[in-house]
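Engineer: My structure is stored as query-v2.pdb, with PDB, C-alpha atoms.
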MODEL        1
ATOM      1  CA  MET A   1    -253.809-169.566 112.704
ATOM      2  CA  THR A   2    -253.864-170.188 116.439
ATOM      3  CA  ASN A   3    -257.110-170.560 118.341
ATOM      4  CA  ASP A   4    -256.341-167.409 120.264
ATOM      5  CA  LEU A   5    -256.155-165.420 117.078
ATOM      6  CA  VAL A   6    -259.403-166.920 115.781
ATOM      7  CA  LEU A   7    -261.147-166.077 119.042
ATOM      8  CA  ASP A   8    -259.695-162.599 119.016
ATOM      9  CA  GLU A   9    -260.793-162.160 115.418
ATOM     10  CA  THR A  10    -264.346-163.256 116.227
ATOM     11  CA  GLN A  11    -264.436-160.548 118.877
ATOM     12  CA  LEU A  12    -262.975-157.971 116.515
ATOM     13  CA  LEU A  13    -265.587-158.772 113.885
ATOM     14  CA  ALA A  14    -268.379-158.542 116.432
ATOM     15  CA  ALA A  15    -266.996-155.152 117.478
ATOM     16  CA  LEU A  16    -266.758-154.032 113.857
ATOM     17  CA  ARG A  17    -270.429-154.902 113.352
ATOM     18  CA  GLU A  18    -271.086-152.636 116.324
ATOM     19  CA  ARG A  19    -269.220-149.896 114.402
ATOM     20  CA  ASP A  20    -266.219-149.954 116.737
ATOM     21  CA  GLU A  21    -263.481-147.843 115.147
ATOM     22  CA  ALA A  22    -260.642-149.361 117.189
ATOM     23  CA  ALA A  23    -261.583-152.835 115.971
ATOM     24  CA  PHE A  24    -261.510-151.588 112.387
ATOM     25  CA  VAL A  25    -258.065-150.033 112.835
ATOM     26  CA  THR A  26    -256.729-153.229 114.430
ATOM     27  CA  LEU A  27    -257.906-155.302 111.463
ATOM     28  CA  VAL A  28    -256.583-152.806 108.935
ATOM     29  CA  ARG A  29    -253.155-152.823 110.576
ATOM     30  CA  ARG A  30    -253.091-156.580 110.987
ATOM     31  CA  TYR A  31    -253.817-157.328 107.349
ATOM     32  CA  HIS A  32    -252.190-154.416 105.592
ATOM     33  CA  GLY A  33    -248.923-156.228 104.771
ATOM     34  CA  PRO A  34    -250.459-159.433 103.382
ATOM     35  CA  LEU A  35    -253.112-157.502 101.453
ATOM     36  CA  LEU A  36    -250.560-155.168  99.933
ATOM     37  CA  ARG A  37    -248.328-158.066  98.898
ATOM     38  CA  LEU A  38    -251.221-159.843  97.274
ATOM     39  CA  ALA A  39    -252.336-156.646  95.543
ATOM     40  CA  MET A  40    -248.806-156.103  94.227
ATOM     41  CA  VAL A  41    -249.111-159.359  92.350
ATOM     42  CA  TYR A  42    -251.951-157.940  90.293
ATOM     43  CA  ALA A  43    -251.032-154.290  90.229
ATOM     44  CA  GLY A  44    -248.442-152.681  88.047
ATOM     45  CA  SER A  45    -247.290-150.314  90.748
ATOM     46  CA  ARG A  46    -247.265-149.796  94.482
ATOM     47  CA  ALA A  47    -249.686-146.882  94.134
ATOM     48  CA  VAL A  48    -252.244-149.037  92.326
ATOM     49  CA  ALA A  49    -251.761-151.810  94.889
ATOM     50  CA  GLU A  50    -252.449-149.357  97.726
ATOM     51  CA  GLU A  51    -255.651-148.316  95.961
ATOM     52  CA  ILE A  52    -256.764-151.930  95.624
ATOM     53  CA  VAL A  53    -256.188-152.437  99.362
ATOM     54  CA  GLN A  54    -258.258-149.339 100.101
ATOM     55  CA  GLU A  55    -261.070-150.606  97.885
ATOM     56  CA  THR A  56    -260.883-153.958  99.651
ATOM     57  CA  TRP A  57    -261.550-152.361 103.032
ATOM     58  CA  LEU A  58    -264.479-150.446 101.569
ATOM     59  CA  GLY A  59    -265.747-153.829 100.372
ATOM     60  CA  VAL A  60    -265.377-155.168 103.903
ATOM     61  CA  LEU A  61    -267.448-152.312 105.338
ATOM     62  CA  GLN A  62    -270.112-152.812 102.687
ATOM     63  CA  GLY A  63    -270.266-156.549 103.283
ATOM     64  CA  ILE A  64    -269.555-157.081 106.980
ATOM     65  CA  ASP A  65    -273.229-157.133 108.007
ATOM     66  CA  ARG A  66    -273.847-159.927 105.526
ATOM     67  CA  PHE A  67    -270.653-161.864 106.322
ATOM     68  CA  GLU A  68    -271.830-165.019 108.057
ATOM     69  CA  GLY A  69    -268.483-166.458 109.033
ATOM     70  CA  ARG A  70    -268.860-169.641 106.993
ATOM     71  CA  ALA A  71    -265.450-169.025 105.484
ATOM     72  CA  SER A  72    -262.784-167.551 107.718
ATOM     73  CA  PHE A  73    -262.530-163.779 107.765
ATOM     74  CA  LYS A  74    -259.101-164.055 106.148
ATOM     75  CA  THR A  75    -260.448-166.117 103.248
ATOM     76  CA  TRP A  76    -263.326-163.702 102.759
ATOM     77  CA  LEU A  77    -261.033-160.675 102.933
ATOM     78  CA  PHE A  78    -258.563-162.018 100.387
ATOM     79  CA  ARG A  79    -261.385-163.037  98.097
ATOM     80  CA  ILE A  80    -262.642-159.450  98.096
ATOM     81  CA  LEU A  81    -259.173-158.240  97.225
ATOM     82  CA  ILE A  82    -258.729-160.748  94.420
ATOM     83  CA  ASN A  83    -262.110-159.811  92.951
ATOM     84  CA  ARG A  84    -261.351-156.098  93.097
ATOM     85  CA  ALA A  85    -257.913-156.634  91.595
ATOM     86  CA  LYS A  86    -259.317-158.751  88.777
ATOM     87  CA  THR A  87    -262.075-156.293  87.965
ATOM     88  CA  ARG A  88    -259.457-153.624  87.774
ATOM     89  CA  SER A  89    -257.046-155.540  85.582
ATOM     90  CA  GLU A  90    -259.904-156.453  83.240
ATOM     91  CA  ARG A  91    -260.651-152.774  82.979
ATOM     92  CA  GLU A  92    -257.005-152.229  82.165
ATOM     93  CA  ARG A  93    -257.199-155.148  79.725
ATOM     94  CA  ARG A  94    -254.672-157.322  81.440
ATOM     95  CA  THR A  95    -256.823-160.394  81.244
ATOM     96  CA  VAL A  96    -254.558-163.441  81.137
ATOM     97  CA  PRO A  97    -256.279-165.770  83.627
ATOM     98  CA  PHE A  98    -254.003-166.985  86.412
ATOM     99  CA  SER A  99    -254.499-170.657  85.553
ATOM    100  CA  ALA A 100    -253.191-170.018  82.028
ATOM    101  CA  LEU A 101    -250.250-168.064  83.360
ATOM    102  CA  ALA A 102    -249.552-170.856  85.861
ATOM    103  CA  SER A 103    -249.627-173.591  83.213
ATOM    104  CA  SER A 104    -247.324-171.655  80.976
ATOM    105  CA  GLU A 105    -244.846-170.894  83.764
ATOM    106  CA  ALA A 106    -244.954-174.435  85.123
ATOM    107  CA  GLY A 107    -244.061-175.827  81.711
ATOM    108  CA  GLY A 108    -240.608-176.076  80.236
ATOM    109  CA  ASP A 109    -237.425-176.881  82.009
ATOM    110  CA  GLU A 110    -236.080-174.737  84.807
ATOM    111  CA  PRO A 111    -233.457-176.513  86.890
ATOM    112  CA  ALA A 112    -233.399-175.685  90.604
ATOM    113  CA  VAL A 113    -229.616-175.629  90.492
ATOM    114  CA  SER A 114    -227.362-174.831  87.555
ATOM    115  CA  PRO A 115    -226.480-178.105  85.764
ATOM    116  CA  ASP A 116    -222.789-177.176  85.752
ATOM    117  CA  ARG A 117    -222.657-177.765  89.487
ATOM    118  CA  PHE A 118    -223.135-181.486  88.921
ATOM    119  CA  LEU A 119    -220.826-184.077  87.408
ATOM    120  CA  GLY A 120    -221.870-185.335  83.987
ATOM    121  CA  ALA A 121    -224.319-188.176  83.506
ATOM    122  CA  ASP A 122    -221.412-190.169  82.053
ATOM    123  CA  HIS A 123    -219.160-189.801  85.102
ATOM    124  CA  PRO A 124    -217.836-193.298  85.937
ATOM    125  CA  ASP A 125    -218.307-193.096  89.711
ATOM    126  CA  TRP A 126    -220.639-190.258  90.589
ATOM    127  CA  PRO A 127    -222.920-189.434  87.655
ATOM    128  CA  ASN A 128    -225.169-186.426  88.352
ATOM    129  CA  HIS A 129    -223.714-185.887  91.806
ATOM    130  CA  TRP A 130    -222.475-182.543  93.096
ATOM    131  CA  CYS A 131    -219.154-181.245  91.799
ATOM    132  CA  ALA A 132    -219.742-177.787  93.320
ATOM    133  CA  PRO A 133    -221.832-178.639  96.392
ATOM    134  CA  PRO A 134    -223.574-176.099  98.604
ATOM    135  CA  THR A 135    -221.693-175.137 101.725
ATOM    136  CA  SER A 136    -223.401-174.678 105.061
ATOM    137  CA  TRP A 137    -224.664-171.217 105.977
ATOM    138  CA  GLY A 138    -223.370-171.772 109.497
ATOM    139  CA  ALA A 139    -224.890-173.082 112.666
ATOM    140  CA  SER A 140    -227.279-170.175 113.153
ATOM    141  CA  PRO A 141    -227.659-168.097 110.013
ATOM    142  CA  ASP A 142    -230.933-166.634 111.271
ATOM    143  CA  GLN A 143    -229.492-163.308 112.288
ATOM    144  CA  LEU A 144    -227.804-162.808 108.935
ATOM    145  CA  LEU A 145    -230.885-164.022 107.065
ATOM    146  CA  LEU A 146    -233.023-161.484 108.869
ATOM    147  CA  SER A 147    -230.655-158.568 108.303
ATOM    148  CA  LYS A 148    -232.012-155.682 106.283
ATOM    149  CA  GLU A 149    -229.586-156.485 103.510
ATOM    150  CA  ALA A 150    -230.830-160.073 103.202
ATOM    151  CA  ARG A 151    -234.462-158.955 103.379
ATOM    152  CA  ASP A 152    -233.933-156.417 100.622
ATOM    153  CA  LEU A 153    -232.214-159.068  98.549
ATOM    154  CA  ILE A 154    -235.128-161.480  98.999
ATOM    155  CA  GLY A 155    -237.614-158.715  98.236
ATOM    156  CA  GLY A 156    -235.742-158.009  95.025
ATOM    157  CA  VAL A 157    -235.670-161.670  93.998
ATOM    158  CA  ILE A 158    -239.393-162.070  94.639
ATOM    159  CA  ALA A 159    -240.177-158.899  92.688
ATOM    160  CA  GLY A 160    -238.180-160.265  89.753
ATOM    161  CA  LEU A 161    -239.920-163.656  89.638
ATOM    162  CA  PRO A 162    -242.321-164.536  86.830
ATOM    163  CA  PRO A 163    -245.798-163.449  88.020
ATOM    164  CA  ALA A 164    -247.298-166.841  88.845
ATOM    165  CA  GLN A 165    -244.203-167.944  90.789
ATOM    166  CA  ARG A 166    -244.226-164.644  92.617
ATOM    167  CA  GLN A 167    -247.842-165.005  93.581
ATOM    168  CA  VAL A 168    -247.526-168.565  94.823
ATOM    169  CA  ILE A 169    -244.392-168.018  96.922
ATOM    170  CA  THR A 170    -245.849-164.818  98.378
ATOM    171  CA  LEU A 171    -249.023-166.504  99.516
ATOM    172  CA  ARG A 172    -247.465-169.779 100.627
ATOM    173  CA  ASP A 173    -244.226-168.740 102.284
ATOM    174  CA  VAL A 174    -244.463-165.036 103.066
ATOM    175  CA  ASP A 175    -248.091-165.060 104.198
ATOM    176  CA  GLY A 176    -248.344-168.679 105.318
ATOM    177  CA  TRP A 177    -251.333-169.858 103.251
ATOM    178  CA  SER A 178    -251.836-173.616 102.908
ATOM    179  CA  ALA A 179    -251.431-175.306  99.531
ATOM    180  CA  GLU A 180    -255.168-175.903  99.425
ATOM    181  CA  GLU A 181    -255.974-172.241 100.108
ATOM    182  CA  VAL A 182    -253.646-171.154  97.323
ATOM    183  CA  CYS A 183    -255.068-173.665  94.833
ATOM    184  CA  ASN A 184    -258.594-172.495  95.619
ATOM    185  CA  ALA A 185    -257.858-168.778  95.559
ATOM    186  CA  LEU A 186    -255.848-168.893  92.352
ATOM    187  CA  ASP A 187    -257.723-171.700  90.632
ATOM    188  CA  VAL A 188    -254.511-173.601  89.952
ATOM    189  CA  SER A 189    -253.870-177.358  90.140
ATOM    190  CA  GLU A 190    -251.973-178.849  93.083
ATOM    191  CA  THR A 191    -249.214-179.993  90.761
ATOM    192  CA  ASN A 192    -248.722-176.602  89.135
ATOM    193  CA  GLN A 193    -248.860-174.940  92.529
ATOM    194  CA  ARG A 194    -245.998-177.149  93.713
ATOM    195  CA  VAL A 195    -243.940-176.641  90.552
ATOM    196  CA  LEU A 196    -244.276-172.856  90.830
ATOM    197  CA  LEU A 197    -243.445-172.936  94.533
ATOM    198  CA  HIS A 198    -240.431-175.136  93.867
ATOM    199  CA  ARG A 199    -239.040-172.890  91.162
ATOM    200  CA  ALA A 200    -239.583-169.758  93.203
ATOM    201  CA  ARG A 201    -238.030-171.228  96.370
ATOM    202  CA  SER A 202    -235.098-172.550  94.370
ATOM    203  CA  ARG A 203    -234.407-169.091  92.984
ATOM    204  CA  VAL A 204    -234.566-167.466  96.408
ATOM    205  CA  ARG A 205    -232.260-170.131  97.845
ATOM    206  CA  GLY A 206    -229.851-169.575  94.954
ATOM    207  CA  ALA A 207    -229.775-165.840  95.628
ATOM    208  CA  LEU A 208    -229.180-166.417  99.342
ATOM    209  CA  GLU A 209    -226.392-168.834  98.496
ATOM    210  CA  SER A 210    -224.674-166.162  96.426
ATOM    211  CA  TYR A 211    -225.240-163.732  99.274
ATOM    212  CA  PHE A 212    -223.564-166.052 101.763
ATOM    213  CA  GLY A 213    -220.778-166.566  99.275
ATOM    214  CA  ARG A 214    -220.007-169.920  97.787
ATOM    215  CA  GLU A 215    -216.603-171.132  98.742
TER     216      GLU A 215
ATOM    217  CA  MET B   1    -241.360-200.823  90.064
ATOM    218  CA  SER B   2    -239.344-199.639  87.081
ATOM    219  CA  THR B   3    -235.566-199.856  86.938
ATOM    220  CA  THR B   4    -235.294-196.111  87.530
ATOM    221  CA  ASP B   5    -237.267-196.367  90.765
ATOM    222  CA  ALA B   6    -234.968-199.040  92.081
ATOM    223  CA  GLN B   7    -231.847-197.073  91.223
ATOM    224  CA  GLU B   8    -230.077-194.885  93.693
ATOM    225  CA  MET B   9    -231.216-191.284  93.580
ATOM    226  CA  THR B  10    -228.699-188.774  92.239
ATOM    227  CA  CYS B  11    -228.042-185.328  93.714
ATOM    228  CA  LYS B  12    -229.320-183.711  90.537
ATOM    229  CA  GLU B  13    -232.578-185.596  90.869
ATOM    230  CA  LEU B  14    -232.906-184.861  94.571
ATOM    231  CA  VAL B  15    -232.724-181.075  94.267
ATOM    232  CA  GLU B  16    -235.765-181.175  91.971
ATOM    233  CA  LEU B  17    -237.754-183.207  94.492
ATOM    234  CA  VAL B  18    -237.044-181.115  97.586
ATOM    235  CA  THR B  19    -240.313-179.181  97.500
ATOM    236  CA  ASP B  20    -242.418-182.294  96.924
ATOM    237  CA  TYR B  21    -240.511-183.854  99.824
ATOM    238  CA  LEU B  22    -241.186-180.916 102.152
ATOM    239  CA  GLU B  23    -244.825-180.842 101.025
ATOM    240  CA  GLY B  24    -245.228-184.547 101.754
ATOM    241  CA  ALA B  25    -246.193-185.128  98.133
ATOM    242  CA  LEU B  26    -243.672-187.804  97.158
ATOM    243  CA  PRO B  27    -244.920-191.326  96.473
ATOM    244  CA  PRO B  28    -243.662-193.686  99.230
ATOM    245  CA  ALA B  29    -241.086-195.452  97.015
ATOM    246  CA  THR B  30    -239.578-192.141  95.878
ATOM    247  CA  ARG B  31    -239.592-190.834  99.409
ATOM    248  CA  ALA B  32    -237.675-193.906 100.528
ATOM    249  CA  ARG B  33    -235.055-193.331  97.804
ATOM    250  CA  PHE B  34    -234.870-189.677  98.828
ATOM    251  CA  ASP B  35    -234.284-190.544 102.487
ATOM    252  CA  GLU B  36    -231.754-193.182 101.545
ATOM    253  CA  HIS B  37    -229.760-190.718  99.445
ATOM    254  CA  LEU B  38    -229.963-188.073 102.136
ATOM    255  CA  ALA B  39    -228.602-190.444 104.777
ATOM    256  CA  GLY B  40    -225.410-190.871 102.756
ATOM    257  CA  CYS B  41    -224.993-187.393 101.244
ATOM    258  CA  PRO B  42    -223.919-184.469 103.449
ATOM    259  CA  PHE B  43    -224.137-182.100 100.454
ATOM    260  CA  CYS B  44    -227.796-182.819  99.805
ATOM    261  CA  THR B  45    -228.422-182.659 103.553
ATOM    262  CA  THR B  46    -226.974-179.131 103.466
ATOM    263  CA  TYR B  47    -229.082-178.339 100.417
ATOM    264  CA  LEU B  48    -232.282-179.474 102.112
ATOM    265  CA  GLU B  49    -231.375-177.474 105.205
ATOM    266  CA  GLN B  50    -230.862-174.362 103.057
ATOM    267  CA  MET B  51    -234.287-174.810 101.483
ATOM    268  CA  ARG B  52    -235.794-175.074 104.970
ATOM    269  CA  GLN B  53    -233.944-171.923 106.033
ATOM    270  CA  THR B  54    -235.137-170.158 102.892
ATOM    271  CA  VAL B  55    -238.768-170.983 103.667
ATOM    272  CA  LYS B  56    -238.335-169.928 107.291
ATOM    273  CA  THR B  57    -236.760-166.627 106.256
ATOM    274  CA  LEU B  58    -239.561-165.909 103.791
ATOM    275  CA  GLY B  59    -242.053-166.403 106.621
ATOM    276  CA  ALA B  60    -240.230-163.920 108.824
ATOM    277  CA  LEU B  61    -240.194-160.976 106.422
ATOM    278  CA  PRO B  62    -241.589-157.952 108.223
ATOM    279  CA  ASP B  63    -244.909-156.481 107.233
ATOM    280  CA  ALA B  64    -245.191-153.064 105.699
ATOM    281  CA  SER B  65    -247.191-150.788 107.951
ATOM    282  CA  ILE B  66    -250.014-148.758 106.487
ATOM    283  CA  PRO B  67    -249.036-145.188 105.537
ATOM    284  CA  PRO B  68    -250.749-142.638 107.836
ATOM    285  CA  ALA B  69    -252.490-140.917 104.906
ATOM    286  CA  ALA B  70    -254.012-144.219 103.765
ATOM    287  CA  LEU B  71    -255.231-144.977 107.273
ATOM    288  CA  ASP B  72    -256.743-141.488 107.547
ATOM    289  CA  ALA B  73    -258.558-141.966 104.262
ATOM    290  CA  LEU B  74    -259.954-145.298 105.450
ATOM    291  CA  LEU B  75    -261.055-143.777 108.735
ATOM    292  CA  GLY B  76    -262.861-141.093 106.774
ATOM    293  CA  HIS B  77    -264.798-143.801 104.931
ATOM    294  CA  PHE B  78    -265.410-145.691 108.164
ATOM    295  CA  ARG B  79    -266.967-142.656 109.865
ATOM    296  CA  LYS B  80    -269.270-142.061 106.920
ATOM    297  CA  TRP B  81    -270.222-145.734 106.858
ATOM    298  CA  ARG B  82    -270.873-145.833 110.593
TER     299      ARG B  82
ENDMDL
END
Kindly present the structure from the file in structure tokens form.
Structural biologist:
Amino acid sequence: MTNDLVLDETQLLAALRERDEAAFVTLVRRYHGPLLRLAMVYAGSRAVAEEIVQETWLGVLQGIDRFEGRASFKTWLFRILINRAKTRSERERRTVPFSALASSEAGGDEPAVSPDRFLGADHPDWPNHWCAPPTSWGASPDQLLLSKEARDLIGGVIAGLPPAQRQVITLRDVDGWSAEEVCNALDVSETNQRVLLHRARSRVRGALESYFGRE
Amino acid sequence: MSTTDAQEMTCKELVELVTDYLEGALPPATRARFDEHLAGCPFCTTYLEQMRQTVKTLGALPDASIPPAALDALLGHFRKWR
């Protein structure tokens, strides 16, 4: 987060403590996307996720006068959401702790690239080197990558990921959390965090590669 | 250093280390083998570039905006709370 945004956020929080409605609306709009994405990880449906986000903001209003700013507002906000979401999923008896889910998903073998795209380990000259290498997406694929079609594709891939992978890639890459923030929030080891991130990124890259068309 | 460490990195090995590489989590010796392979392999260079583009694209996904009804409901709560 840039210093400007931190400064701006300090002012917004001060205004919120003064019961300033515009400050509240600004914060709600600013964090709606990230909160909803995080809620979707826990919730079974968009409707439930929206409810969790609503409850989170009620939690903010209840707690803002006691919030001392030791953690960043963002950290505090997401912690409220995670707590609400967990309480809710316990009520609905979906109680597999994230760390267990993470360990289970990080285990086993899941190659980043299909093994048939490499030469065999017994190849005389180039063992385990590409036989079907990736081809460049062009000098500036940004426009294509940001097209609605590509975004929908990525959204679909993320939605189809195993839950722990989905959660890690959402927080790390979509919402820009640091590895440390993710490990703390999800109570997952650094190693498992990286394995989950790697598998999730590899799947998204693979989908984009198909989208660009392998030649 | 084991024999494996001293050996040239293969493409198949490299693609599994890309995230650790980007995260700065590779041990120095492995990182050196990674860089060495990359310097001589245009395919893996392309692969690494695609992973970077993937991460960049994920970070540029647009945010959903809050539905008006949800915002109204929150404002209702806010006014009561105030």
Engineer: Please, what is the axis-aligned box for every listed atom of segment 12-27 of chain B with 6 Å on each side, as centre and edge lengths in Å to one decimal, as JSON?
Structural biologist:
{"center_x": -237.8, "center_y": -185.3, "center_z": 96.3, "size_x": 28.9, "size_y": 24.1, "size_z": 23.6}
Engineer: Residues within 10 Å of segment 28-36 of chain B, please, as a PDB file with C-alpha atoms, keeping the file's coordinate frame. Count all atoms listed in the file; anything in the same chain fewer than 5 positions from it doesn't count.
Structural biologist:
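This is the output file part28.pdb:
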ATOM      1  CA  MET B   1    -241.360-200.823  90.064  1.00  0.00           C
ATOM      2  CA  ASP B   5    -237.267-196.367  90.765  1.00  0.00           C
ATOM      3  CA  ALA B   6    -234.968-199.040  92.081  1.00  0.00           C
ATOM      4  CA  GLN B   7    -231.847-197.073  91.223  1.00  0.00           C
ATOM      5  CA  GLU B   8    -230.077-194.885  93.693  1.00  0.00           C
ATOM      6  CA  MET B   9    -231.216-191.284  93.580  1.00  0.00           C
ATOM      7  CA  THR B  10    -228.699-188.774  92.239  1.00  0.00           C
ATOM      8  CA  CYS B  11    -228.042-185.328  93.714  1.00  0.00           C
ATOM      9  CA  GLU B  13    -232.578-185.596  90.869  1.00  0.00           C
ATOM     10  CA  LEU B  14    -232.906-184.861  94.571  1.00  0.00           C
ATOM     11  CA  VAL B  15    -232.724-181.075  94.267  1.00  0.00           C
ATOM     12  CA  LEU B  17    -237.754-183.207  94.492  1.00  0.00           C
ATOM     13  CA  VAL B  18    -237.044-181.115  97.586  1.00  0.00           C
ATOM     14  CA  ASP B  20    -242.418-182.294  96.924  1.00  0.00           C
ATOM     15  CA  TYR B  21    -240.511-183.854  99.824  1.00  0.00           C
ATOM     16  CA  CYS B  41    -224.993-187.393 101.244  1.00  0.00           C
ATOM     17  CA  CYS B  44    -227.796-182.819  99.805  1.00  0.00           C
ATOM     18  CA  THR B  45    -228.422-182.659 103.553  1.00  0.00           C
TER      19      THR B  45
END
Engineer: Up to 7 Å from chain A, what residues of chain B turn up? Count all atoms listed in the file and give them as a list of chain:residue names.
Structural biologist: B:Thr10, B:Cys11, B:Lys12, B:Val15, B:Glu16, B:Thr19, B:Phe43, B:Thr46, B:Tyr47, B:Gln50, B:Met51, B:Thr54, B:Val55, B:Thr57, B:Leu58, B:Gly59, B:Leu61, B:Asp63, B:Ala64, B:Ser65, B:Ile66, B:Leu74, B:Arg82
Engineer: Using only C-alpha atoms, which residues sit within 10 Å of Ser72 of chain A once same-chain residues fewer than 3 positions away are excluded, as a PDB file with C-alpha atoms, in the coordinates of the input?
Structural biologist:
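The resulting file, around-v9.pdb, is reproduced below:
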ATOM      1  CA  VAL A   6    -259.403-166.920 115.781  1.00  0.00           C
ATOM      2  CA  GLU A   9    -260.793-162.160 115.418  1.00  0.00           C
ATOM      3  CA  THR A  10    -264.346-163.256 116.227  1.00  0.00           C
ATOM      4  CA  PHE A  67    -270.653-161.864 106.322  1.00  0.00           C
ATOM      5  CA  GLU A  68    -271.830-165.019 108.057  1.00  0.00           C
ATOM      6  CA  GLY A  69    -268.483-166.458 109.033  1.00  0.00           C
ATOM      7  CA  THR A  75    -260.448-166.117 103.248  1.00  0.00           C
ATOM      8  CA  TRP A  76    -263.326-163.702 102.759  1.00  0.00           C
ATOM      9  CA  LEU A  77    -261.033-160.675 102.933  1.00  0.00           C
TER      10      LEU A  77
END
Engineer: Could you tell me which of A:Ala39, A:Leu153, A:Val168, A:Leu12 comes closest to Ala106 of chain A if we count all atoms listed in the file?
Structural biologist: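 Checking each of A:Ala39, A:Leu153, A:Val168, A:Leu12 against Ala106 of chain A, counting all atoms listed in the file, the winner is A:Val168.
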Engineer: For a test of reading the model, state the distance in Å between atom CA of Leu71 of chain B and atom CA of Arg91 of chain A, rounded to one decimal.
Structural biologist: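 A separation of 26.1 Å between them.
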Engineer: One decimal, in Å: what's the spacing between atom CA of Phe212 of chain A and atom CA of Gln143 of chain A?
Structural biologist: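 Interatomic distance here is 12.4 Å.
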Engineer: In Å, how far is it from atom CA of Gln165 of chain A to atom CA of Val60 of chain A?
Structural biologist: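 Atom CA of Val60 of chain A lies at a distance of 28.0 Å from atom CA of Gln165 of chain A.
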Engineer: How would you write, as a count of residues only, the residues chosen by the PyMOL selection byres ((chain A and resi 103) around 10) on this structure?
Structural biologist: 18
